[in-house]
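First up is the structure itself, then whatever we jot down about it.
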Amino acid sequence: MTPALHVHQLSKTFGSGDLAVHAVRTVDLDVDAGEVVLIMGPSGSGKTTLLLMLGAMLRPTSGAIEVADLDIATAPERDLPRLRAKHFGFIFQDFNLLGALDAAENVQLAANLGGVTGTRARSRAAGLLEQVGLAHRAHHRPDQLSGGEKQRVAIARALANDPILILADEPTANLDSSIGRDIARLLRRLA
């Protein structure tokens, strides 16, 4: 079986010469569908840099990143937004919800970017918010939600395009330990 994500000899260096910083060095990784992989390391060890490369938001210096039989490391820049919208779900540490939109609209926007619009997008958003226990908060803006609720909206948004891969950058870092455990359980269940 082909892995959902195949990474070969992935590296990222910022700068050059004496000022070069080797943020990620020769990473090899295969992730199967439904698999949960945790990347751990101290602050500054390259975890976020690696996630940004895996999600086609940062170009590697060298190596290959294969998702859906495409090497996103060498794909043309103009193709990357479509690839991200179609194949990836992102859960950011600081949520990155749009404050002018309510919870349902934040999820619908991700569905729209993935190619689902209109009634289908509204239905998908409603179903995902129900799945994460927030159907009753669908019409609240981010400033009206708790940290745990914002993170659950971010998870629903990450699922809106039915992604091949969900990338989460410290998804429980801004939450208290009880809500953090609930979010971790939810992510494992969704996988």
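Residues are referred to by chain and number: the chain letter is A, B, ... according to the order shown in the structure tokens, the number counts from 1 in that chain, and ligands are numbered separately from 1 in the order shown.
Note that DSSP on the backbone gives helix (DSSP H, G or I) to these residues of region 1-86 of chain A: A:Gly17, A:Asp18, A:Leu19, A:Lys47, A:Thr48, A:Thr49, A:Leu50, A:Leu51, A:Leu52, A:Met53, A:Leu54, A:Glu77, A:Arg78, A:Asp79, A:Leu80, A:Pro81, A:Arg82, A:Leu83, A:Arg84, A:Ala85, A:Lys86.
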Inset, instruction - Extract the full set of strand (DSSP E) residues from chain A according to DSSP on the backbone, and format it as JSON, numbers by chain. - result: {"A": [5, 6, 7, 8, 9, 10, 11, 12, 13, 14, 21, 22, 23, 24, 25, 26, 27, 28, 29, 30, 31, 62, 63, 64, 65, 66, 67, 70, 71, 88, 89, 90, 91, 165, 166, 167, 168]}
Legend entry - Residues near region 17-25 of chain A, cut-off 8 Å, only C-alpha atoms, skip fewer than 3 positions along chain, as a ChimeraX atom specification: /A:9-14,45-46,49-50
Please save all heavy atoms of the selected residues as a PDB file, in the first residue's frame.
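Output (part30.pdb):
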ATOM      1  N   GLN A   9      14.709  12.229   2.307  1.00  0.00           N
ATOM      2  CA  GLN A   9      15.901  13.089   2.386  1.00  0.00           C
ATOM      3  C   GLN A   9      15.550  14.580   2.414  1.00  0.00           C
ATOM      4  O   GLN A   9      16.204  15.405   1.756  1.00  0.00           O
ATOM      5  CB  GLN A   9      16.853  12.783   1.227  1.00  0.00           C
ATOM      6  CG  GLN A   9      17.430  11.375   1.246  1.00  0.00           C
ATOM      7  CD  GLN A   9      18.355  11.156   2.438  1.00  0.00           C
ATOM      8  OE1 GLN A   9      19.371  11.811   2.550  1.00  0.00           O
ATOM      9  NE2 GLN A   9      17.987  10.244   3.332  1.00  0.00           N
ATOM     10  N   LEU A  10      14.544  14.940   3.184  1.00  0.00           N
ATOM     11  CA  LEU A  10      14.060  16.315   3.239  1.00  0.00           C
ATOM     12  C   LEU A  10      14.963  17.165   4.121  1.00  0.00           C
ATOM     13  O   LEU A  10      15.239  16.809   5.267  1.00  0.00           O
ATOM     14  CB  LEU A  10      12.630  16.336   3.778  1.00  0.00           C
ATOM     15  CG  LEU A  10      11.885  17.654   3.676  1.00  0.00           C
ATOM     16  CD1 LEU A  10      11.654  18.017   2.203  1.00  0.00           C
ATOM     17  CD2 LEU A  10      10.565  17.574   4.413  1.00  0.00           C
ATOM     18  N   SER A  11      15.390  18.292   3.589  1.00  0.00           N
ATOM     19  CA  SER A  11      16.250  19.219   4.322  1.00  0.00           C
ATOM     20  C   SER A  11      15.831  20.658   4.051  1.00  0.00           C
ATOM     21  O   SER A  11      15.326  20.970   2.975  1.00  0.00           O
ATOM     22  CB  SER A  11      17.718  19.050   3.904  1.00  0.00           C
ATOM     23  OG  SER A  11      18.191  17.777   4.257  1.00  0.00           O
ATOM     24  N   LYS A  12      16.089  21.513   5.040  1.00  0.00           N
ATOM     25  CA  LYS A  12      15.859  22.941   4.875  1.00  0.00           C
ATOM     26  C   LYS A  12      16.981  23.699   5.566  1.00  0.00           C
ATOM     27  O   LYS A  12      17.250  23.504   6.749  1.00  0.00           O
ATOM     28  CB  LYS A  12      14.513  23.368   5.470  1.00  0.00           C
ATOM     29  CG  LYS A  12      14.227  24.859   5.331  1.00  0.00           C
ATOM     30  CD  LYS A  12      14.106  25.276   3.876  1.00  0.00           C
ATOM     31  CE  LYS A  12      13.776  26.746   3.722  1.00  0.00           C
ATOM     32  NZ  LYS A  12      13.758  27.155   2.311  1.00  0.00           N
ATOM     33  N   THR A  13      17.654  24.542   4.784  1.00  0.00           N
ATOM     34  CA  THR A  13      18.715  25.395   5.295  1.00  0.00           C
ATOM     35  C   THR A  13      18.343  26.833   5.015  1.00  0.00           C
ATOM     36  O   THR A  13      17.946  27.179   3.902  1.00  0.00           O
ATOM     37  CB  THR A  13      20.060  25.054   4.614  1.00  0.00           C
ATOM     38  OG1 THR A  13      20.358  23.672   4.855  1.00  0.00           O
ATOM     39  CG2 THR A  13      21.180  25.922   5.154  1.00  0.00           C
ATOM     40  N   PHE A  14      18.443  27.665   6.039  1.00  0.00           N
ATOM     41  CA  PHE A  14      18.227  29.100   5.889  1.00  0.00           C
ATOM     42  C   PHE A  14      19.591  29.777   5.857  1.00  0.00           C
ATOM     43  O   PHE A  14      20.455  29.466   6.674  1.00  0.00           O
ATOM     44  CB  PHE A  14      17.400  29.661   7.056  1.00  0.00           C
ATOM     45  CG  PHE A  14      16.001  29.131   7.114  1.00  0.00           C
ATOM     46  CD1 PHE A  14      15.669  28.089   7.961  1.00  0.00           C
ATOM     47  CD2 PHE A  14      15.009  29.682   6.311  1.00  0.00           C
ATOM     48  CE1 PHE A  14      14.374  27.599   8.018  1.00  0.00           C
ATOM     49  CE2 PHE A  14      13.705  29.198   6.358  1.00  0.00           C
ATOM     50  CZ  PHE A  14      13.389  28.157   7.213  1.00  0.00           C
ATOM     51  N   SER A  45      13.978  23.300  17.272  1.00  0.00           N
ATOM     52  CA  SER A  45      14.561  22.097  16.673  1.00  0.00           C
ATOM     53  C   SER A  45      14.083  21.824  15.254  1.00  0.00           C
ATOM     54  O   SER A  45      14.517  20.855  14.642  1.00  0.00           O
ATOM     55  CB  SER A  45      14.296  20.881  17.568  1.00  0.00           C
ATOM     56  OG  SER A  45      12.913  20.619  17.646  1.00  0.00           O
ATOM     57  N   GLY A  46      13.167  22.659  14.723  1.00  0.00           N
ATOM     58  CA  GLY A  46      12.740  22.502  13.332  1.00  0.00           C
ATOM     59  C   GLY A  46      11.384  21.862  13.130  1.00  0.00           C
ATOM     60  O   GLY A  46      10.991  21.572  11.998  1.00  0.00           O
ATOM     61  N   THR A  49       9.120  24.156  11.027  1.00  0.00           N
ATOM     62  CA  THR A  49       9.703  24.212   9.677  1.00  0.00           C
ATOM     63  C   THR A  49       9.355  22.941   8.916  1.00  0.00           C
ATOM     64  O   THR A  49       8.943  22.997   7.751  1.00  0.00           O
ATOM     65  CB  THR A  49      11.228  24.407   9.745  1.00  0.00           C
ATOM     66  OG1 THR A  49      11.504  25.639  10.414  1.00  0.00           O
ATOM     67  CG2 THR A  49      11.856  24.413   8.363  1.00  0.00           C
ATOM     68  N   LEU A  50       9.470  21.791   9.567  1.00  0.00           N
ATOM     69  CA  LEU A  50       9.123  20.523   8.928  1.00  0.00           C
ATOM     70  C   LEU A  50       7.640  20.507   8.549  1.00  0.00           C
ATOM     71  O   LEU A  50       7.294  20.160   7.410  1.00  0.00           O
ATOM     72  CB  LEU A  50       9.450  19.350   9.852  1.00  0.00           C
ATOM     73  CG  LEU A  50       9.063  17.963   9.345  1.00  0.00           C
ATOM     74  CD1 LEU A  50       9.770  17.629   8.029  1.00  0.00           C
ATOM     75  CD2 LEU A  50       9.372  16.903  10.400  1.00  0.00           C
TER      76      LEU A  50
END
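The environment of Asp182 (chain A) within 12 Å, counting only C-alpha atoms and disregarding residues fewer than 6 places along the same chain, consists of Val132, Gly133, Gly148, Glu149, Gln151, Arg152, Pro171, Thr172, Leu175, Asp176, Arg188 and Arg189 of chain A.
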Could you make a table, as CSV, of the residues of region 128-182 of chain A that have an atom within 10 Å of an atom of region 34-37 of chain A, each with its nearest atom pair and distance in Å to one decimal, counting only C-alpha atoms, in chain and number order?
residue,atom,partner,partner_atom,distance
A:Ile164,CA,A:Gly34,CA,9.3
A:Leu165,CA,A:Gly34,CA,9.0
A:Ile166,CA,A:Val36,CA,9.4
A:Leu167,CA,A:Val37,CA,9.7
Just the selected residues (N, CA and C atoms), exported as a PDB file, in the first residue's frame, please.
ATOM      1  N   ILE A 164      -6.347  14.534   2.733  1.00  0.00           N
ATOM      2  CA  ILE A 164      -5.530  13.322   2.803  1.00  0.00           C
ATOM      3  C   ILE A 164      -4.714  13.352   4.090  1.00  0.00           C
ATOM      4  N   LEU A 165      -4.300  14.548   4.476  1.00  0.00           N
ATOM      5  CA  LEU A 165      -3.365  14.720   5.583  1.00  0.00           C
ATOM      6  C   LEU A 165      -3.782  15.921   6.426  1.00  0.00           C
ATOM      7  N   ILE A 166      -3.800  15.738   7.741  1.00  0.00           N
ATOM      8  CA  ILE A 166      -4.022  16.845   8.665  1.00  0.00           C
ATOM      9  C   ILE A 166      -2.704  17.133   9.356  1.00  0.00           C
ATOM     10  N   LEU A 167      -2.289  18.388   9.300  1.00  0.00           N
ATOM     11  CA  LEU A 167      -1.061  18.824   9.957  1.00  0.00           C
ATOM     12  C   LEU A 167      -1.447  19.741  11.107  1.00  0.00           C
TER      13      LEU A 167
END
Legend entry - Shell of 9 Å around region 135-139 of chain A, only C-alpha atoms, local chain residues under 4 positions omitted, as a count of residues only: 15
